[in-house]
Amino acid sequence: MLEEILPYLFAGLAVTILLLLLGALQVVIAPLLAKGANPLLVAKLVALQLPEALSRGLPIALLFATLLGLSRLSADSEIKAMQAGGVSPGRLFGPVMALGLFAALTSFAVGETLIPRAKIQSLGVQREIVLDNPRVGGLGTLVLRDAFGRAISVAEVLPGGELRGLSIATLRSGQVAREIITAERGRLQKGSSVLELFDGQRITYQNEKPSTVLSFREGKLPVQDLQASFEGGNDLKPVYLPLRVLWQRVAEYRRQNISAPQEFTALQRKFAEPLAALFMAFFAVALAIFSFRSNLNIGLVWVLLLTFLYYATWSVFRVLGENGALAPALAVWTPNLLFLVAGGALLWVSARR
């Protein structure tokens with residue numbers, strides 16, 4: 001039976017990974033290339049998306065493979081022949097459930113080992129892309145820090161890498177900046193971490209009032225760190241954090257009674273998304289038994305529709321959970337529970353026939 005499912009699983013996984021990468025291509029990769037980003041760095045950025053695509057795509061690919069493989073066995077009366085030969089339903093579909101468990105454990109392991117590392121490396125590659133061509137910084141958030149730890153904000157990145165509206169200041173919670181440096185124009189020296197400033201001012205403050213104002217036509221500022229993200233932030237999203245770190249953060253938020261739907265939803269996703277493979281395997285087994293006893297043929301179109309139904313349901317409920325519209329546990333586990341209930345209903349109907 002697994003010989004029938006595994007080829008579909010590998011094919012479905014390849015297609016799912018490709019579709020997820022194409023989504024990234026449309027949102028981020030294509031604009032990067034259009035703005036002149038280094039193609040080798042962009043290719044590296046794409047490669048670092050593979051672990052997430054593998055982890056997210058495995059349950060979906062398993063649903064597709066088991067539905068298609070078992071429906072073909074049912075249509076060819078092979079399931080009927082197995083049962084006529086004395087093979088019990090448990091022995092018949094046990095390997096499918098074991099495959100679902102293996103897929104769930106693999107997805108969880110990838111999510112806890114490869115994905116956090118890949119996401120951290122991805123932020124580093126984004127930093128390299130911006131240093132190589134600051135023009136692409138306009139796609140997301142661009143934050144610089146100099147050797148003294150002062151934050152450098154950039155209002156606009158023009159074609160060719162020219163920076164406009166720079167402001168450098170040390171801002172600490174509860175304190176007023178003692179010094180602010182502004183510059184009309186700036187440019188990161190290509191291949192280095194040196195920021196060139198043009199037409200600027202250095203203003204120092206005492207008792208919250210300007211004490212000195214110095215103007216300059218040109219200056220250089222060593223950049224200690226550059227953070228750049230094309231997703232609107234420089235920290236890892238909660239779901240990409242290792243489980244131990246995320247668990248501690250959520251526990252602290254609960255202790256302080258802080259509402260953090262993204263973190264709470266991410267914690268539920270850590271378990272629900274890998275275990276979706278097991279739920280998918282159960283539903284596919286139930287549907288195969290139902291189609292066999294009802295003499296129904298589940299074709300490729302229905303297989304694709306059911307696969308898309310899971311992905312669409314997961315996407316919608318995930319957004320609802322992250323925005324606080326639904327309780328995190330309800331939002332994350334609902335897609336799995338829908339397939340569990342549907343599979344149970346199919347087995348109940350099949351038993352009555």
# chains A, B, ... in the order shown; residues from 1 in each chain; ligands from 1
>>> residues_around(residues="Ser167 of chain A", least_positions_apart="4", cutoff="6 Å", atoms="only C-alpha atoms", output="compact mmCIF listing (two decimals) with C-alpha atoms, in the first residue's frame")
# COMPACT_ATOMS: atom_id res chain seq x y z
CA ILE A 152 20.42 55.77 12.26
CA SER A 153 17.05 56.18 10.60
CA ILE A 181 23.13 64.31 13.80
CA THR A 182 21.13 64.92 10.64
>>> residues_around(residues="segment 281-283 of chain A", least_positions_apart="4", cutoff="9 Å", atoms="only C-alpha atoms", output="JSON, numbers by chain")
{"A": [59, 62, 63, 66, 67, 96, 97, 98, 99, 100, 101, 276, 277, 287, 288, 339, 340, 341, 342, 343, 344, 346]}
>>> write_last_selection(atoms="N, CA, C and O atoms", output="compact mmCIF listing (two decimals), in the first residue's frame")
# COMPACT_ATOMS: atom_id res chain seq x y z
N PRO A 59 2.49 17.96 5.57
CA PRO A 59 1.12 17.50 5.84
C PRO A 59 0.20 17.66 4.64
O PRO A 59 -0.64 16.79 4.37
N LEU A 62 1.01 14.96 2.15
CA LEU A 62 0.54 13.66 2.63
C LEU A 62 -0.96 13.51 2.38
O LEU A 62 -1.42 12.43 1.97
N LEU A 63 -1.73 14.55 2.63
CA LEU A 63 -3.16 14.50 2.36
C LEU A 63 -3.40 14.21 0.89
O LEU A 63 -4.21 13.33 0.54
N THR A 66 -2.20 10.41 0.08
CA THR A 66 -3.04 9.35 0.62
C THR A 66 -4.42 9.33 -0.03
O THR A 66 -4.96 8.26 -0.32
N LEU A 67 -4.99 10.51 -0.27
CA LEU A 67 -6.29 10.55 -0.95
C LEU A 67 -6.20 9.96 -2.35
O LEU A 67 -7.04 9.15 -2.75
N VAL A 96 -0.60 3.35 6.70
CA VAL A 96 -0.92 4.73 6.33
C VAL A 96 -0.85 5.63 7.55
O VAL A 96 -0.29 6.74 7.50
N MET A 97 -1.41 5.18 8.66
CA MET A 97 -1.35 5.98 9.89
C MET A 97 0.09 6.10 10.40
O MET A 97 0.49 7.15 10.91
N ALA A 98 0.88 5.02 10.23
CA ALA A 98 2.29 5.09 10.63
C ALA A 98 3.03 6.11 9.77
O ALA A 98 3.89 6.85 10.27
N LEU A 99 2.69 6.17 8.48
CA LEU A 99 3.30 7.16 7.60
C LEU A 99 2.91 8.57 8.03
O LEU A 99 3.73 9.49 8.01
N GLY A 100 1.65 8.73 8.46
CA GLY A 100 1.20 10.04 8.95
C GLY A 100 1.95 10.45 10.20
O GLY A 100 2.34 11.62 10.34
N LEU A 101 2.19 9.50 11.11
CA LEU A 101 2.95 9.80 12.32
C LEU A 101 4.39 10.18 11.98
O LEU A 101 4.96 11.11 12.55
N ALA A 276 -1.05 17.77 11.89
CA ALA A 276 -2.03 17.77 10.80
C ALA A 276 -1.80 16.57 9.88
O ALA A 276 -2.76 16.03 9.31
N ALA A 277 -0.56 16.11 9.74
CA ALA A 277 -0.28 14.95 8.89
C ALA A 277 -1.02 13.72 9.40
O ALA A 277 -1.54 12.91 8.60
N LEU A 287 -12.05 8.08 4.21
CA LEU A 287 -12.65 8.34 2.90
C LEU A 287 -12.48 7.15 1.98
O LEU A 287 -13.38 6.83 1.18
N ALA A 288 -11.34 6.46 2.07
CA ALA A 288 -11.12 5.27 1.24
C ALA A 288 -12.11 4.16 1.58
O ALA A 288 -12.68 3.51 0.69
N PHE A 339 -11.25 17.85 9.89
CA PHE A 339 -10.94 16.62 9.17
C PHE A 339 -11.12 15.40 10.07
O PHE A 339 -11.48 14.32 9.60
N LEU A 340 -10.88 15.56 11.37
CA LEU A 340 -11.11 14.45 12.31
C LEU A 340 -12.59 14.12 12.38
O LEU A 340 -12.98 12.94 12.32
N VAL A 341 -13.42 15.15 12.51
CA VAL A 341 -14.87 14.93 12.59
C VAL A 341 -15.39 14.36 11.28
O VAL A 341 -16.22 13.43 11.26
N ALA A 342 -14.91 14.90 10.15
CA ALA A 342 -15.35 14.39 8.85
C ALA A 342 -14.96 12.93 8.67
O ALA A 342 -15.74 12.11 8.18
N GLY A 343 -13.72 12.58 9.09
CA GLY A 343 -13.30 11.19 8.99
C GLY A 343 -14.12 10.28 9.87
O GLY A 343 -14.51 9.17 9.46
N GLY A 344 -14.41 10.72 11.10
CA GLY A 344 -15.26 9.93 11.99
C GLY A 344 -16.65 9.74 11.43
O GLY A 344 -17.22 8.64 11.54
N LEU A 346 -17.49 9.71 8.25
CA LEU A 346 -17.41 8.77 7.13
C LEU A 346 -17.31 7.32 7.61
O LEU A 346 -17.94 6.41 7.04
>>> residues_around(residues="Pro116 of chain A", least_positions_apart="2", cutoff="7 Å", atoms="only C-alpha atoms", output="JSON, numbers by chain")
{"A": [112, 113, 114, 118, 119, 120, 240, 241, 242]}
>>> write_last_selection(atoms="C-alpha atoms", output="compact mmCIF listing (two decimals), in the first residue's frame")
# COMPACT_ATOMS: atom_id res chain seq x y z
CA GLU A 112 12.59 22.95 15.69
CA THR A 113 16.02 22.51 14.11
CA LEU A 114 16.34 23.72 10.53
CA ALA A 118 17.48 29.18 8.34
CA LYS A 119 15.48 32.22 9.45
CA ILE A 120 18.44 33.66 11.37
CA TYR A 240 10.12 30.57 14.11
CA LEU A 241 11.48 30.65 17.65
CA PRO A 242 12.62 27.37 19.25
>>> closest_residue(among="A:Gly124, A:Pro274, A:Pro261, A:Gly186", to="Leu236 of chain A", atoms="only C-alpha atoms")
A:Gly124
>>> atom_distance(atom1="atom CA of Leu48 of chain A", atom2="atom CA of Ile115 of chain A")
8.5 Å
>>> residues_around(residues="segment 319-322 of chain A", least_positions_apart="2", cutoff="8 Å", atoms="only C-alpha atoms", output="list in words")
Pro261, Gln262, Glu263, Thr265, Ser315, Val316, Phe317, Gly324, Ala325, Leu326, Ala327, Pro328, Leu330, Ala331 and Val332 of chain A
>>> write_last_selection(atoms="all heavy atoms", output="compact mmCIF listing (two decimals), in the first residue's frame")
# COMPACT_ATOMS: atom_id res chain seq x y z
N PRO A 261 -1.68 37.61 21.15
CA PRO A 261 -2.27 36.56 20.30
C PRO A 261 -1.29 35.93 19.32
O PRO A 261 -1.40 34.75 19.01
CB PRO A 261 -3.40 37.30 19.56
CG PRO A 261 -3.07 38.75 19.68
CD PRO A 261 -2.35 38.91 20.97
N GLN A 262 -0.30 36.69 18.83
CA GLN A 262 0.65 36.10 17.90
C GLN A 262 1.49 35.03 18.57
O GLN A 262 1.71 33.94 18.02
CB GLN A 262 1.54 37.18 17.30
CG GLN A 262 0.84 38.06 16.27
CD GLN A 262 1.84 38.76 15.37
OE1 GLN A 262 3.05 38.60 15.48
NE2 GLN A 262 1.32 39.56 14.44
N GLU A 263 1.99 35.32 19.78
CA GLU A 263 2.80 34.34 20.49
C GLU A 263 1.97 33.13 20.92
O GLU A 263 2.41 31.98 20.78
CB GLU A 263 3.45 34.97 21.73
CG GLU A 263 4.67 35.82 21.45
CD GLU A 263 4.34 37.18 20.84
OE1 GLU A 263 3.13 37.51 20.75
OE2 GLU A 263 5.28 37.90 20.45
N THR A 265 -0.79 32.02 19.53
CA THR A 265 -1.13 31.26 18.33
C THR A 265 0.07 30.48 17.83
O THR A 265 -0.04 29.32 17.40
CB THR A 265 -1.65 32.20 17.23
OG1 THR A 265 -2.80 32.91 17.70
CG2 THR A 265 -2.03 31.42 15.98
N SER A 315 -5.19 28.76 6.55
CA SER A 315 -4.77 30.15 6.36
C SER A 315 -5.72 31.13 7.04
O SER A 315 -5.29 32.06 7.73
CB SER A 315 -4.67 30.46 4.86
OG SER A 315 -3.73 29.63 4.22
N VAL A 316 -7.02 30.93 6.84
CA VAL A 316 -8.02 31.85 7.39
C VAL A 316 -8.01 31.81 8.91
O VAL A 316 -7.96 32.85 9.59
CB VAL A 316 -9.42 31.51 6.84
CG1 VAL A 316 -10.49 32.33 7.58
CG2 VAL A 316 -9.49 31.80 5.35
N PHE A 317 -8.04 30.61 9.49
CA PHE A 317 -8.11 30.50 10.95
C PHE A 317 -6.81 30.97 11.60
O PHE A 317 -6.83 31.50 12.71
CB PHE A 317 -8.45 29.07 11.35
CG PHE A 317 -9.92 28.75 11.30
CD1 PHE A 317 -10.52 28.37 10.11
CD2 PHE A 317 -10.71 28.88 12.43
CE1 PHE A 317 -11.88 28.10 10.05
CE2 PHE A 317 -12.07 28.61 12.39
CZ PHE A 317 -12.65 28.22 11.19
N GLY A 324 -6.26 37.98 17.14
CA GLY A 324 -7.06 37.99 18.36
C GLY A 324 -8.55 37.85 18.13
O GLY A 324 -9.33 38.01 19.07
N ALA A 325 -8.97 37.54 16.91
CA ALA A 325 -10.40 37.39 16.64
C ALA A 325 -10.95 36.08 17.17
O ALA A 325 -12.14 35.96 17.44
CB ALA A 325 -10.67 37.50 15.13
N LEU A 326 -10.09 35.07 17.29
CA LEU A 326 -10.47 33.78 17.85
C LEU A 326 -9.44 33.37 18.90
O LEU A 326 -8.28 33.80 18.84
CB LEU A 326 -10.54 32.70 16.77
CG LEU A 326 -11.77 32.64 15.87
CD1 LEU A 326 -11.62 31.52 14.84
CD2 LEU A 326 -13.04 32.45 16.67
N ALA A 327 -9.86 32.54 19.83
CA ALA A 327 -8.91 31.99 20.80
C ALA A 327 -7.84 31.21 20.05
O ALA A 327 -8.16 30.48 19.11
CB ALA A 327 -9.63 31.09 21.79
N PRO A 328 -6.57 31.36 20.41
CA PRO A 328 -5.49 30.71 19.66
C PRO A 328 -5.69 29.20 19.47
O PRO A 328 -5.51 28.68 18.37
CB PRO A 328 -4.25 31.01 20.51
CG PRO A 328 -4.57 32.29 21.20
CD PRO A 328 -6.05 32.22 21.49
N LEU A 330 -8.47 27.45 19.50
CA LEU A 330 -9.58 27.21 18.59
C LEU A 330 -9.18 27.51 17.15
O LEU A 330 -9.50 26.75 16.23
CB LEU A 330 -10.78 28.08 18.99
CG LEU A 330 -12.03 27.96 18.11
CD1 LEU A 330 -12.58 26.55 18.16
CD2 LEU A 330 -13.09 28.96 18.56
N ALA A 331 -8.48 28.61 16.95
CA ALA A 331 -8.09 29.01 15.60
C ALA A 331 -7.13 28.02 14.96
O ALA A 331 -7.26 27.69 13.78
CB ALA A 331 -7.46 30.40 15.63
N VAL A 332 -6.18 27.51 15.74
CA VAL A 332 -5.14 26.66 15.18
C VAL A 332 -5.59 25.22 15.00
O VAL A 332 -5.26 24.57 14.01
CB VAL A 332 -3.88 26.71 16.08
CG1 VAL A 332 -2.86 25.69 15.64
CG2 VAL A 332 -3.28 28.12 16.04
>>> closest_residue(among="A:Ser215, A:Ser55, A:Gln189, A:Ser259", to="Leu13 of chain A", atoms="only C-alpha atoms")
A:Ser55
>>> closest_residue(among="A:Glu184, A:Glu128, A:Glu179, A:Glu273", to="Gly165 of chain A", atoms="only C-alpha atoms")
A:Glu184
>>> residues_around(residues="Val250 of chain A", least_positions_apart="2", cutoff="9 Å", atoms="only C-alpha atoms", output="MDAnalysis selection string")
chainID A and resid 245:248 252:255 260 263:264 267
>>> closest_residue(among="A:Thr307, A:Thr334, A:Thr204, A:Asn323", to="Gly12 of chain A", atoms="only C-alpha atoms")
A:Thr307
>>> select_by_dssp(residues="segment 239-346 of chain A", states="alpha helix (DSSP H)", output="PyMOL selection string")
chain A and resi 243-255+261-294+300-322+328-346
